[in-house]
file target03.txt (compact mmCIF, C-alpha atoms and all ligand atoms)
# COMPACT_ATOMS: atom_id res chain seq x y z
CA MET A 1067 -58.21 -25.90 -12.54
CA THR A 1068 -55.20 -26.12 -10.26
CA ARG A 1069 -55.40 -29.25 -8.17
CA SER A 1070 -54.00 -29.73 -4.71
CA ALA A 1071 -52.53 -32.73 -2.91
CA PRO A 1072 -53.37 -35.60 -2.79
CA GLY A 1073 -53.53 -36.08 -6.52
CA THR A 1074 -51.18 -33.30 -7.61
CA THR A 1075 -48.44 -33.71 -10.18
CA LEU A 1076 -45.32 -31.61 -9.73
CA GLY A 1077 -43.14 -31.11 -12.80
CA VAL A 1078 -39.43 -30.68 -12.14
CA VAL A 1079 -36.77 -29.55 -14.60
CA GLY A 1080 -33.78 -31.65 -13.52
CA GLY A 1081 -33.73 -35.25 -12.32
CA GLY A 1082 -30.60 -35.53 -10.19
CA GLN A 1083 -30.34 -36.42 -6.51
CA LEU A 1084 -32.32 -33.35 -5.49
CA GLY A 1085 -35.20 -34.48 -7.69
CA ARG A 1086 -34.90 -37.99 -6.29
CA MET A 1087 -35.14 -36.81 -2.67
CA LEU A 1088 -37.96 -34.42 -3.64
CA ALA A 1089 -39.93 -37.32 -5.14
CA GLU A 1090 -39.33 -39.42 -2.01
CA ALA A 1091 -40.61 -36.60 0.22
CA ALA A 1092 -43.55 -35.65 -1.99
CA ALA A 1093 -44.99 -39.19 -2.23
CA PRO A 1094 -46.57 -39.27 1.26
CA LEU A 1095 -48.33 -35.98 0.49
CA GLY A 1096 -49.91 -37.58 -2.57
CA ILE A 1097 -47.75 -35.49 -4.89
CA ASP A 1098 -46.22 -37.34 -7.85
CA LEU A 1099 -43.26 -36.04 -9.82
CA VAL A 1100 -42.58 -35.81 -13.53
CA VAL A 1101 -38.92 -34.89 -14.05
CA SER A 1102 -36.74 -34.07 -17.02
CA ASP A 1103 -33.07 -34.83 -17.40
CA PRO A 1104 -30.78 -35.38 -20.40
CA THR A 1105 -29.41 -38.62 -18.93
CA PRO A 1106 -31.81 -41.55 -19.30
CA ASP A 1107 -32.47 -43.32 -16.00
CA ALA A 1108 -31.36 -40.24 -14.03
CA PRO A 1109 -31.23 -40.48 -10.20
CA ALA A 1110 -34.83 -39.26 -9.80
CA SER A 1111 -36.18 -41.60 -12.46
CA PRO A 1112 -36.86 -44.72 -10.33
CA VAL A 1113 -38.92 -42.72 -7.80
CA ALA A 1114 -40.65 -40.27 -10.16
CA ARG A 1115 -43.79 -41.24 -12.06
CA GLU A 1116 -42.08 -40.37 -15.32
CA GLN A 1117 -38.84 -38.98 -16.70
CA VAL A 1118 -38.84 -36.94 -19.90
CA VAL A 1119 -35.39 -37.25 -21.50
CA GLY A 1120 -34.12 -33.87 -22.72
CA ASP A 1121 -31.86 -30.94 -21.94
CA PHE A 1122 -32.53 -28.50 -19.09
CA ASP A 1123 -32.92 -25.66 -21.59
CA ASP A 1124 -34.82 -27.53 -24.30
CA PRO A 1125 -38.25 -25.87 -24.73
CA GLU A 1126 -39.93 -29.05 -26.02
CA THR A 1127 -38.74 -30.98 -22.97
CA ILE A 1128 -39.92 -28.26 -20.59
CA ARG A 1129 -43.26 -28.15 -22.41
CA ALA A 1130 -43.66 -31.93 -22.11
CA VAL A 1131 -43.08 -31.67 -18.34
CA ALA A 1132 -45.43 -28.68 -17.92
CA GLU A 1133 -48.21 -30.35 -19.92
CA ARG A 1134 -48.18 -33.33 -17.55
CA SER A 1135 -48.06 -31.19 -14.37
CA ASP A 1136 -50.19 -29.01 -12.10
CA TYR A 1137 -47.15 -27.03 -10.90
CA LEU A 1138 -43.67 -26.56 -12.30
CA THR A 1139 -40.35 -26.15 -10.48
CA PHE A 1140 -36.64 -26.87 -11.10
CA GLU A 1141 -33.87 -28.56 -9.15
CA ILE A 1142 -30.92 -27.26 -11.15
CA GLU A 1143 -29.79 -23.73 -12.00
CA LEU A 1144 -29.17 -24.77 -15.62
CA ALA A 1145 -32.95 -24.77 -16.16
CA ASP A 1146 -33.80 -22.09 -18.73
CA PRO A 1147 -35.77 -19.29 -17.03
CA ASP A 1148 -37.02 -17.74 -20.29
CA ALA A 1149 -38.39 -21.03 -21.60
CA MET A 1150 -39.94 -21.92 -18.23
CA GLU A 1151 -41.61 -18.52 -17.96
CA ARG A 1152 -43.04 -18.67 -21.49
CA ILE A 1153 -44.19 -22.28 -21.31
CA ALA A 1154 -45.67 -21.88 -17.82
CA ALA A 1155 -47.79 -19.00 -19.16
CA GLU A 1156 -48.79 -20.87 -22.33
CA THR A 1157 -49.77 -24.04 -20.45
CA ASP A 1158 -51.26 -22.18 -17.47
CA THR A 1159 -48.94 -24.00 -15.06
CA PRO A 1160 -47.78 -22.01 -12.00
CA VAL A 1161 -43.96 -22.04 -11.77
CA HIS A 1162 -42.09 -21.53 -8.48
CA PRO A 1163 -39.67 -20.02 -7.58
CA HIS A 1164 -40.38 -17.36 -10.21
CA PRO A 1165 -38.05 -17.70 -13.23
CA GLU A 1166 -36.99 -14.08 -12.67
CA THR A 1167 -35.42 -15.21 -9.39
CA LEU A 1168 -33.50 -17.91 -11.25
CA ARG A 1169 -32.39 -15.38 -13.89
CA THR A 1170 -30.99 -13.13 -11.14
CA ILE A 1171 -29.23 -15.97 -9.38
CA GLN A 1172 -27.66 -17.46 -12.52
CA ASP A 1173 -25.34 -14.45 -12.73
CA LYS A 1174 -23.35 -14.17 -9.47
CA PHE A 1175 -22.69 -10.48 -10.06
CA VAL A 1176 -26.35 -9.62 -10.70
CA GLN A 1177 -27.24 -11.73 -7.67
CA LYS A 1178 -24.86 -9.72 -5.44
CA GLU A 1179 -26.12 -6.42 -6.88
CA ARG A 1180 -29.75 -7.31 -6.19
CA LEU A 1181 -29.03 -8.52 -2.66
CA SER A 1182 -26.82 -5.63 -1.63
CA GLU A 1183 -29.51 -3.24 -2.93
CA ALA A 1184 -31.91 -5.11 -0.62
CA GLY A 1185 -29.59 -4.44 2.34
CA VAL A 1186 -28.09 -7.94 2.60
CA PRO A 1187 -24.41 -7.80 3.71
CA VAL A 1188 -22.05 -9.25 1.06
CA PRO A 1189 -18.25 -9.34 0.64
CA ALA A 1190 -16.81 -6.40 -1.36
CA TYR A 1191 -17.03 -7.32 -5.07
CA ARG A 1192 -16.56 -5.89 -8.58
CA ALA A 1193 -17.44 -7.00 -12.10
CA VAL A 1194 -14.25 -7.32 -14.21
CA ASP A 1195 -14.17 -7.51 -17.99
CA SER A 1196 -10.40 -7.42 -18.59
CA VAL A 1197 -7.05 -7.99 -16.90
CA ALA A 1198 -6.75 -4.20 -16.51
CA ASP A 1199 -10.15 -4.12 -14.75
CA LEU A 1200 -9.03 -6.91 -12.48
CA ARG A 1201 -5.78 -5.15 -11.51
CA GLU A 1202 -7.68 -1.96 -10.79
CA ALA A 1203 -10.29 -3.80 -8.69
CA LEU A 1204 -7.54 -5.54 -6.71
CA ASP A 1205 -5.81 -2.23 -6.01
CA ASP A 1206 -9.02 -1.46 -4.15
CA LEU A 1207 -9.98 -4.81 -2.66
CA GLY A 1208 -6.44 -5.98 -1.89
CA TYR A 1209 -4.91 -9.47 -1.99
CA PRO A 1210 -5.80 -12.30 -1.63
CA ALA A 1211 -9.07 -12.27 -3.55
CA MET A 1212 -11.40 -14.73 -5.23
CA LEU A 1213 -12.01 -14.41 -8.96
CA LYS A 1214 -15.28 -16.05 -10.05
CA ALA A 1215 -16.99 -16.88 -13.31
CA ARG A 1216 -20.28 -14.99 -13.14
CA GLU A 1217 -22.18 -17.87 -14.71
CA GLY A 1218 -22.17 -21.64 -14.69
CA GLY A 1219 -19.84 -22.33 -11.72
CA TYR A 1220 -20.67 -25.02 -9.17
CA ASP A 1221 -18.80 -26.87 -6.42
CA GLY A 1222 -16.04 -24.27 -6.74
CA ARG A 1223 -15.50 -24.92 -10.47
CA GLY A 1224 -15.28 -21.42 -11.88
CA ASN A 1225 -13.50 -19.94 -8.82
CA VAL A 1226 -9.80 -18.99 -8.88
CA PRO A 1227 -7.98 -17.55 -5.85
CA VAL A 1228 -5.67 -14.61 -6.64
CA GLU A 1229 -2.90 -14.52 -4.04
CA SER A 1230 -0.67 -11.75 -5.42
CA PRO A 1231 -0.23 -9.39 -8.40
CA ASP A 1232 1.83 -12.16 -10.09
CA ASP A 1233 -1.29 -14.37 -10.31
CA VAL A 1234 -3.54 -11.85 -12.04
CA ASP A 1235 -2.91 -12.75 -15.71
CA ALA A 1236 -3.16 -16.51 -15.20
CA ALA A 1237 -6.24 -16.19 -13.00
CA PHE A 1238 -8.06 -14.06 -15.55
CA ASP A 1239 -7.17 -16.53 -18.34
CA ALA A 1240 -8.52 -19.42 -16.29
CA ILE A 1241 -12.03 -17.96 -16.12
CA GLU A 1242 -14.48 -18.59 -18.93
CA GLY A 1243 -16.93 -15.84 -19.83
CA PRO A 1244 -17.82 -12.77 -17.76
CA ALA A 1245 -16.07 -12.55 -14.38
CA MET A 1246 -16.29 -10.86 -11.01
CA VAL A 1247 -13.81 -10.57 -8.17
CA GLU A 1248 -14.45 -10.59 -4.43
CA GLU A 1249 -12.41 -9.80 -1.36
CA PHE A 1250 -11.18 -13.03 0.22
CA VAL A 1251 -13.32 -13.44 3.31
CA ASP A 1252 -11.43 -14.30 6.48
CA TYR A 1253 -14.12 -16.55 7.85
CA ALA A 1254 -14.34 -18.39 11.16
CA ARG A 1255 -16.73 -20.86 9.61
CA GLU A 1256 -19.19 -21.26 6.77
CA LEU A 1257 -22.88 -21.41 7.58
CA ALA A 1258 -25.99 -22.15 5.57
CA VAL A 1259 -29.64 -21.50 6.16
CA ILE A 1260 -32.43 -23.24 4.30
CA GLY A 1261 -35.16 -20.65 3.96
CA CYS A 1262 -38.67 -21.34 2.75
CA VAL A 1263 -41.37 -19.16 1.26
CA GLY A 1264 -44.94 -20.44 1.28
CA ASP A 1265 -48.27 -18.88 0.43
CA GLY A 1266 -48.11 -15.75 2.63
CA GLU A 1267 -45.64 -17.28 5.09
CA ARG A 1268 -41.90 -17.81 5.36
CA ASP A 1269 -39.56 -19.58 7.72
CA THR A 1270 -36.01 -20.83 8.15
CA PHE A 1271 -34.53 -24.16 9.19
CA PRO A 1272 -31.98 -24.28 12.03
CA VAL A 1273 -28.65 -22.70 11.04
CA THR A 1274 -26.22 -25.28 9.62
CA GLU A 1275 -22.42 -25.26 9.77
CA THR A 1276 -20.94 -26.34 6.46
CA ILE A 1277 -17.44 -27.76 6.11
CA HIS A 1278 -15.83 -27.57 2.65
CA ARG A 1279 -12.64 -29.05 1.25
CA GLU A 1280 -11.45 -28.16 -2.26
CA GLU A 1281 -14.52 -25.87 -2.25
CA ILE A 1282 -16.86 -28.87 -2.12
CA LEU A 1283 -19.21 -29.43 0.78
CA ARG A 1284 -18.02 -32.42 2.82
CA GLU A 1285 -19.99 -32.25 6.08
CA SER A 1286 -22.92 -30.37 7.61
CA VAL A 1287 -23.43 -29.90 11.35
CA ALA A 1288 -26.73 -28.74 12.82
CA PRO A 1289 -27.22 -26.64 14.77
CA ALA A 1290 -24.02 -24.81 13.79
CA ARG A 1291 -21.33 -24.85 16.49
CA THR A 1292 -21.30 -21.11 17.03
CA ASP A 1293 -22.81 -18.51 19.38
CA GLU A 1294 -26.56 -18.21 19.63
CA GLY A 1295 -26.20 -14.51 18.69
CA VAL A 1296 -24.42 -15.44 15.45
CA ARG A 1297 -27.10 -17.99 14.60
CA GLU A 1298 -29.80 -15.39 15.25
CA ARG A 1299 -28.00 -12.91 12.95
CA ALA A 1300 -27.71 -15.61 10.25
CA ARG A 1301 -31.44 -16.19 10.49
CA GLU A 1302 -32.13 -12.43 10.17
CA VAL A 1303 -29.94 -12.19 7.07
CA ALA A 1304 -31.68 -15.25 5.60
CA LEU A 1305 -35.10 -13.66 6.14
CA ASP A 1306 -33.88 -10.50 4.36
CA VAL A 1307 -32.71 -12.70 1.48
CA LEU A 1308 -36.13 -14.37 1.29
CA ASP A 1309 -37.78 -10.94 1.08
CA ALA A 1310 -35.69 -10.22 -2.02
CA MET A 1311 -36.76 -13.48 -3.74
CA ASP A 1312 -39.79 -13.81 -5.95
CA GLY A 1313 -41.82 -17.00 -5.75
CA ARG A 1314 -42.54 -19.84 -3.36
CA GLY A 1315 -40.09 -22.62 -2.57
CA VAL A 1316 -37.02 -23.53 -0.61
CA TYR A 1317 -33.80 -21.51 -0.93
CA GLY A 1318 -30.30 -22.62 0.10
CA ILE A 1319 -28.55 -19.54 1.53
CA GLU A 1320 -24.76 -19.87 1.91
CA LEU A 1321 -23.14 -17.54 4.43
CA PHE A 1322 -19.76 -16.70 5.91
CA GLU A 1323 -19.29 -16.05 9.63
CA THR A 1324 -16.28 -13.75 9.69
CA THR A 1325 -13.63 -13.95 12.41
CA GLY A 1326 -15.27 -10.79 13.78
CA GLY A 1327 -18.63 -12.58 14.14
CA GLU A 1328 -20.25 -10.77 11.21
CA ILE A 1329 -22.50 -12.56 8.70
CA LEU A 1330 -21.88 -12.08 4.95
CA LEU A 1331 -23.86 -13.69 2.17
CA ASN A 1332 -21.88 -15.93 -0.21
CA GLU A 1333 -24.57 -17.13 -2.60
CA ILE A 1334 -28.08 -18.47 -2.96
CA ALA A 1335 -29.49 -21.57 -4.62
CA PRO A 1336 -33.21 -21.23 -5.47
CA ARG A 1337 -33.92 -24.88 -4.62
CA PRO A 1338 -33.23 -27.50 -1.95
CA HIS A 1339 -29.53 -27.51 -1.15
CA ASN A 1340 -26.83 -30.00 -0.15
CA SER A 1341 -26.43 -28.19 3.20
CA GLY A 1342 -30.04 -29.13 4.05
CA HIS A 1343 -29.93 -32.88 3.43
CA TRP A 1344 -29.63 -33.46 7.18
CA THR A 1345 -33.18 -32.09 7.63
CA ILE A 1346 -34.58 -35.37 6.22
CA GLU A 1347 -33.88 -37.05 9.56
CA GLY A 1348 -33.03 -34.03 11.74
CA CYS A 1349 -36.18 -31.90 11.44
CA HIS A 1350 -39.91 -32.49 11.69
CA THR A 1351 -40.27 -31.44 8.06
CA SER A 1352 -37.43 -31.97 5.57
CA GLN A 1353 -36.31 -29.31 3.11
CA PHE A 1354 -37.68 -31.55 0.33
CA GLU A 1355 -41.15 -31.94 1.83
CA GLN A 1356 -41.09 -28.20 2.47
CA HIS A 1357 -40.26 -27.48 -1.17
CA ALA A 1358 -43.10 -29.74 -2.35
CA ARG A 1359 -45.50 -28.04 0.08
CA ALA A 1360 -44.35 -24.53 -0.84
CA VAL A 1361 -44.44 -24.93 -4.62
CA THR A 1362 -47.89 -26.53 -4.60
CA GLY A 1363 -49.32 -23.88 -2.25
CA LEU A 1364 -49.81 -26.13 0.80
CA PRO A 1365 -49.12 -24.82 4.32
CA LEU A 1366 -45.43 -25.00 5.32
CA GLY A 1367 -44.49 -27.67 7.87
CA THR A 1368 -42.67 -26.96 11.12
CA THR A 1369 -38.92 -26.49 10.64
CA GLU A 1370 -38.20 -27.50 14.25
CA LEU A 1371 -35.09 -29.55 15.02
CA ARG A 1372 -35.62 -33.08 16.32
CA ASP A 1373 -32.05 -33.64 17.61
CA PRO A 1374 -28.55 -32.40 16.73
CA THR A 1375 -27.68 -33.98 13.39
CA VAL A 1376 -24.64 -34.28 11.11
CA SER A 1377 -24.34 -35.35 7.48
CA ALA A 1378 -21.35 -36.27 5.34
CA ASN A 1379 -21.25 -36.42 1.56
CA VAL A 1380 -20.06 -39.63 -0.06
CA LEU A 1381 -17.92 -38.48 -2.99
CA GLY A 1382 -16.34 -40.53 -5.74
CA ASP A 1383 -12.79 -41.56 -4.77
CA VAL A 1384 -11.61 -43.03 -8.10
CA GLU A 1385 -9.58 -41.23 -10.74
CA ASP A 1386 -11.27 -42.59 -13.88
CA ARG A 1387 -14.96 -42.68 -14.68
CA GLN A 1388 -16.15 -46.24 -14.06
CA PRO A 1389 -19.31 -48.22 -13.17
CA ALA A 1390 -20.26 -47.43 -9.58
CA SER A 1391 -20.05 -50.26 -7.10
CA VAL A 1392 -19.66 -49.36 -3.45
CA ASP A 1393 -18.07 -51.30 -0.60
CA GLY A 1394 -18.95 -50.85 3.06
CA ALA A 1395 -22.70 -50.17 2.85
CA ALA A 1396 -23.59 -53.03 5.23
CA ASP A 1397 -21.24 -51.68 7.93
CA ALA A 1398 -22.68 -48.21 7.51
CA LEU A 1399 -26.22 -49.53 7.85
CA ALA A 1400 -25.30 -51.42 11.02
CA THR A 1401 -24.58 -48.06 12.72
CA GLU A 1402 -27.35 -46.97 15.05
CA ARG A 1403 -29.30 -43.84 14.10
CA LEU A 1404 -27.51 -43.67 10.78
CA ALA A 1405 -29.33 -43.08 7.50
CA LEU A 1406 -27.79 -43.88 4.13
CA HIS A 1407 -28.96 -42.02 1.06
CA TRP A 1408 -27.78 -43.47 -2.20
CA TYR A 1409 -28.37 -41.38 -5.33
CA GLY A 1410 -28.50 -44.26 -7.81
CA LYS A 1411 -25.79 -42.91 -10.12
CA ARG A 1412 -24.53 -45.65 -12.42
CA GLU A 1413 -21.04 -44.23 -12.83
CA VAL A 1414 -18.52 -42.86 -10.35
CA TYR A 1415 -15.65 -40.43 -10.84
CA ARG A 1416 -13.50 -38.36 -8.51
CA LEU A 1417 -15.51 -36.01 -6.29
CA ARG A 1418 -18.87 -36.91 -7.89
CA LYS A 1419 -21.64 -36.72 -5.28
CA MET A 1420 -22.75 -40.35 -4.98
CA GLY A 1421 -24.75 -40.23 -1.75
CA HIS A 1422 -24.68 -39.03 1.83
CA VAL A 1423 -24.89 -40.40 5.35
CA THR A 1424 -26.64 -38.76 8.28
CA LEU A 1425 -26.27 -39.42 11.99
CA VAL A 1426 -28.87 -38.16 14.43
CA GLY A 1427 -27.60 -37.49 17.94
CA ALA A 1428 -28.87 -39.33 20.98
CA GLY A 1429 -28.52 -38.35 24.61
CA ASP A 1430 -25.79 -35.82 25.20
CA GLU A 1431 -23.31 -36.86 22.49
CA SER A 1432 -21.52 -33.69 21.40
CA ARG A 1433 -21.65 -32.45 17.83
CA ASP A 1434 -17.84 -32.86 17.70
CA ASP A 1435 -18.24 -36.56 18.49
CA LEU A 1436 -21.15 -36.98 16.07
CA LEU A 1437 -19.06 -35.37 13.35
CA ALA A 1438 -16.09 -37.65 14.04
CA ARG A 1439 -18.37 -40.70 13.90
CA VAL A 1440 -20.13 -39.69 10.68
CA ARG A 1441 -16.74 -39.09 9.04
CA GLY A 1442 -15.67 -42.57 10.11
CA VAL A 1443 -18.75 -44.12 8.54
CA ARG A 1444 -18.34 -42.09 5.37
CA ASP A 1445 -14.66 -43.01 5.06
CA GLY A 1446 -15.68 -46.68 5.21
CA LEU A 1447 -17.66 -46.32 1.98
CA THR A 1448 -15.28 -46.83 -0.92
CA PHE A 1449 -15.49 -47.55 -4.61
CA GLY A 1450 -12.19 -49.35 -5.16
CA ASP A 1451 -10.37 -49.25 -8.47
P1 LIG B 1501 -19.92 -22.49 -6.21
O1 LIG B 1501 -20.98 -21.65 -6.84
O2 LIG B 1501 -19.04 -23.17 -7.17
O3 LIG B 1501 -20.44 -23.37 -5.09
P2 LIG B 1501 -19.01 -20.50 -4.33
O4 LIG B 1501 -18.89 -19.13 -4.85
O5 LIG B 1501 -20.15 -20.82 -3.42
O6 LIG B 1501 -18.90 -21.50 -5.55
O7 LIG B 1501 -17.67 -20.90 -3.58
C1 LIG B 1501 -17.38 -22.20 -3.16
C2 LIG B 1501 -16.52 -22.12 -1.91
O8 LIG B 1501 -15.37 -21.31 -2.15
C3 LIG B 1501 -17.21 -21.46 -0.73
O9 LIG B 1501 -18.03 -22.35 -0.04
C4 LIG B 1501 -16.00 -21.00 0.07
O10 LIG B 1501 -15.42 -22.10 0.75
C5 LIG B 1501 -15.05 -20.54 -1.00
N1 LIG B 1501 -15.25 -19.09 -1.29
C6 LIG B 1501 -16.07 -18.55 -2.20
N2 LIG B 1501 -16.02 -17.20 -2.20
C7 LIG B 1501 -15.11 -16.87 -1.26
C8 LIG B 1501 -14.60 -15.61 -0.76
N3 LIG B 1501 -15.00 -14.44 -1.26
N4 LIG B 1501 -13.68 -15.68 0.23
C9 LIG B 1501 -13.25 -16.86 0.74
N5 LIG B 1501 -13.70 -18.06 0.32
C10 LIG B 1501 -14.61 -18.08 -0.67
call {"tool": "encode", "arguments": {"input": "target03.txt", "output": "structure tokens"}}
result
Amino acid sequence: MTRSAPGTTLGVVGGGQLGRMLAEAAAPLGIDLVVSDPTPDAPASPVAREQVVGDFDDPETIRAVAERSDYLTFEIELADPDAMERIAAETDTPVHPHPETLRTIQDKFVQKERLSEAGVPVPAYRAVDSVADLREALDDLGYPAMLKAREGGYDGRGNVPVESPDDVDAAFDAIEGPAMVEEFVDYARELAVIGCVGDGERDTFPVTETIHREEILRESVAPARTDEGVRERAREVALDVLDAMDGRGVYGIELFETTGGEILLNEIAPRPHNSGHWTIEGCHTSQFEQHARAVTGLPLGTTELRDPTVSANVLGDVEDRQPASVDGAADALATERLALHWYGKREVYRLRKMGHVTLVGAGDESRDDLLARVRGVRDGLTFGD
């Protein structure tokens, strides 16, 4: 018998910060989490009912999670779709999103093929298996371009810009495994939409503007500072993406707004996404509560905005891996309408995502001003050396 909240247990492959925030959001619904992660005492561990220690692709670990759960999901793309599909069937545990969706998304080329077949606009792209392939593709696509590992990349690791024909050999050598190349998109800004698929319903959260540096998300601004028409188009594209996905849950949909005002899809994450952390304070339902609702078959909550909201990631600022101890938290917490989210990671290293801060707007403060203030608060959080 499949139970429903309160009293449901949700099994999650992965126990990082996404699992931690999912557990925090699921608790009021009466949904407890069992998570798995190879690192003992992972970020989700203190707030989950239980952590199973094991790899994301270890069948015995996935089985142990499924056996303790009414529903199964994942918070990391390294989860093994084949094992999840088999074990979900053997243990009669519904798994969402469907592992086939994860399989498609794990390969950036297959992902783009599937979405362009579904009519979603994407940058021009080609699969490339050799330097000769790459040169030929670039004759077509032109320079600059972005060469990408098809599998396993995250936070820009696995992406290499190719500026000119002189870069081709080195760029190809720098990529591990199968590769693809894309035209370099001349974008006005990057946008993201958190989409959600429930039981016979679907919705999107307000369109977010995402600001990256070194290909890592630094800040999110909601609603995005762009024309209403562009936001509406982003929402339409996101709904087309959701139609091409199989299974309930929340999807992070990364988009480019080109300088011509067009929307192109960059990539999808079949799970809550860093660009949606602001929804915890900024919307009536957070992306995490929505994911818990969607996966367990509950009605979706309203995605309505409460107030304009900005978030900034707190990234590790030290060169060498070391025990994490942060300075400046008290000052951050003294800021009105500011929320601090600490991920509980024991060690810090350069650019590791350690937490985030969110500021919810009041009165008529502009999003530019909110963004400047949240950056100030974030910059006051340091790890020292
Ligand atoms: P990851 O999977 O590592 O997050 P993405 O493919 O999403 O990598 O790329 C990370 C960032 O790199 C994007 O947010 C964007 O800033 C930049 N980027 C990726 N693809 C392109 C492209 N085709 N043109 C221009 N910039 C790109």
call {"tool": "closest_residue", "arguments": {"input": "target03.txt", "among": "A:Asp1123, A:Glu1242, A:Asp1148, A:Glu1256", "to": "ligand LIG 1501 (chain B)", "atoms": "all atoms listed in the file"}}
result
A:Glu1256
call {"tool": "axis_aligned_box", "arguments": {"input": "target03.txt", "around": "stretch 1076-1083 of chain A", "padding_each_side": "6 Å", "output": "JSON"}}
result
{"center_x": -37.8, "center_y": -33.0, "center_z": -10.6, "size_x": 27.0, "size_y": 18.9, "size_z": 20.1}
call {"tool": "residues_around", "arguments": {"input": "target03.txt", "residues": "stretch 1300-1308 of chain A", "least_positions_apart": "6", "cutoff": "7 Å", "atoms": "only C-alpha atoms", "output": "PyMOL selection string"}}
result
chain A and resi 1181+1186+1259+1261+1270+1319+1329
call {"tool": "write_last_selection", "arguments": {"input": "target03.txt", "atoms": "C-alpha atoms", "output": "PDB file, in the frame of the given file"}}
result
ATOM      1  CA  LEU A1181     -29.030  -8.520  -2.660  1.00  0.00           C
ATOM      2  CA  VAL A1186     -28.090  -7.940   2.600  1.00  0.00           C
ATOM      3  CA  VAL A1259     -29.640 -21.500   6.160  1.00  0.00           C
ATOM      4  CA  GLY A1261     -35.160 -20.650   3.960  1.00  0.00           C
ATOM      5  CA  THR A1270     -36.010 -20.830   8.150  1.00  0.00           C
ATOM      6  CA  ILE A1319     -28.550 -19.540   1.530  1.00  0.00           C
ATOM      7  CA  ILE A1329     -22.500 -12.560   8.700  1.00  0.00           C
TER       8      ILE A1329
END
call {"tool": "closest_residue", "arguments": {"input": "target03.txt", "among": "A:Met1212, A:Ala1108, A:Val1079, A:Ile1282", "to": "A:Met1150", "atoms": "all atoms listed in the file"}}
result
A:Val1079
call {"tool": "closest_residue", "arguments": {"input": "target03.txt", "among": "A:Leu1406, A:Leu1076, A:Ile1153, A:Val1287", "to": "A:Ile1097", "atoms": "all atoms listed in the file"}}
result
A:Leu1076
call {"tool": "residues_near_ligand", "arguments": {"input": "target03.txt", "ligand": "ligand LIG 1501 (chain B)", "cutoff": "9 Å", "atoms": "all atoms listed in the file", "output": "PyMOL selection string"}}
result
chain A and resi 1174+1189-1191+1210-1215+1217-1225+1227+1247-1253+1256+1276-1283+1320-1322+1332-1335
call {"tool": "atom_distance", "arguments": {"input": "target03.txt", "atom1": "atom CA of A:Asp1205", "atom2": "atom CA of A:Glu1328"}}
result
24.0 Å
call {"tool": "atom_distance", "arguments": {"input": "target03.txt", "atom1": "atom CA of A:Asp1136", "atom2": "atom CA of A:Ser1352"}}
result
22.0 Å
call {"tool": "atom_distance", "arguments": {"input": "target03.txt", "atom1": "atom CA of A:Val1426", "atom2": "atom CA of A:Glu1285"}}
result
13.5 Å
call {"tool": "residues_around", "arguments": {"input": "target03.txt", "residues": "A:Thr1127", "least_positions_apart": "6", "cutoff": "8 Å", "atoms": "all atoms listed in the file", "output": "PyMOL selection string"}}
result
chain A and resi 1102+1118-1121
call {"tool": "closest_residue", "arguments": {"input": "target03.txt", "among": "A:Phe1271, A:Tyr1415, A:Phe1238, A:Tyr1317", "to": "A:His1350", "atoms": "all atoms listed in the file"}}
result
A:Phe1271
call {"tool": "residues_around", "arguments": {"input": "target03.txt", "residues": "stretch 1388-1396 of chain A", "least_positions_apart": "4", "cutoff": "6 Å", "atoms": "only C-alpha atoms", "output": "list in words"}}
result
Arg1412, Glu1413, Val1414, Gly1446, Leu1447, Thr1448 and Phe1449 of chain A
call {"tool": "closest_residue", "arguments": {"input": "target03.txt", "among": "A:Leu1371, A:Val1361, A:Val1078, A:Pro1125", "to": "A:Glu1151", "atoms": "all atoms listed in the file"}}
result
A:Pro1125
call {"tool": "residues_around", "arguments": {"input": "target03.txt", "residues": "A:Ala1145", "least_positions_apart": "2", "cutoff": "10 Å", "atoms": "all atoms listed in the file", "output": "ChimeraX atom specification"}}
result
/A:1078-1080,1121-1124,1128,1139-1143,1147-1150,1165,1168-1169,1172
call {"tool": "residues_around", "arguments": {"input": "target03.txt", "residues": "A:Ile1346", "least_positions_apart": "3", "cutoff": "10 Å", "atoms": "all atoms listed in the file", "output": "number ranges by chain"}}
result
A: 1087, 1091, 1342-1343, 1349-1355, 1405, 1424
call {"tool": "closest_residue", "arguments": {"input": "target03.txt", "among": "A:Gly1410, A:Leu1088, A:Val1380, A:Asp1309", "to": "A:Pro1112", "atoms": "only C-alpha atoms"}}
result
A:Gly1410
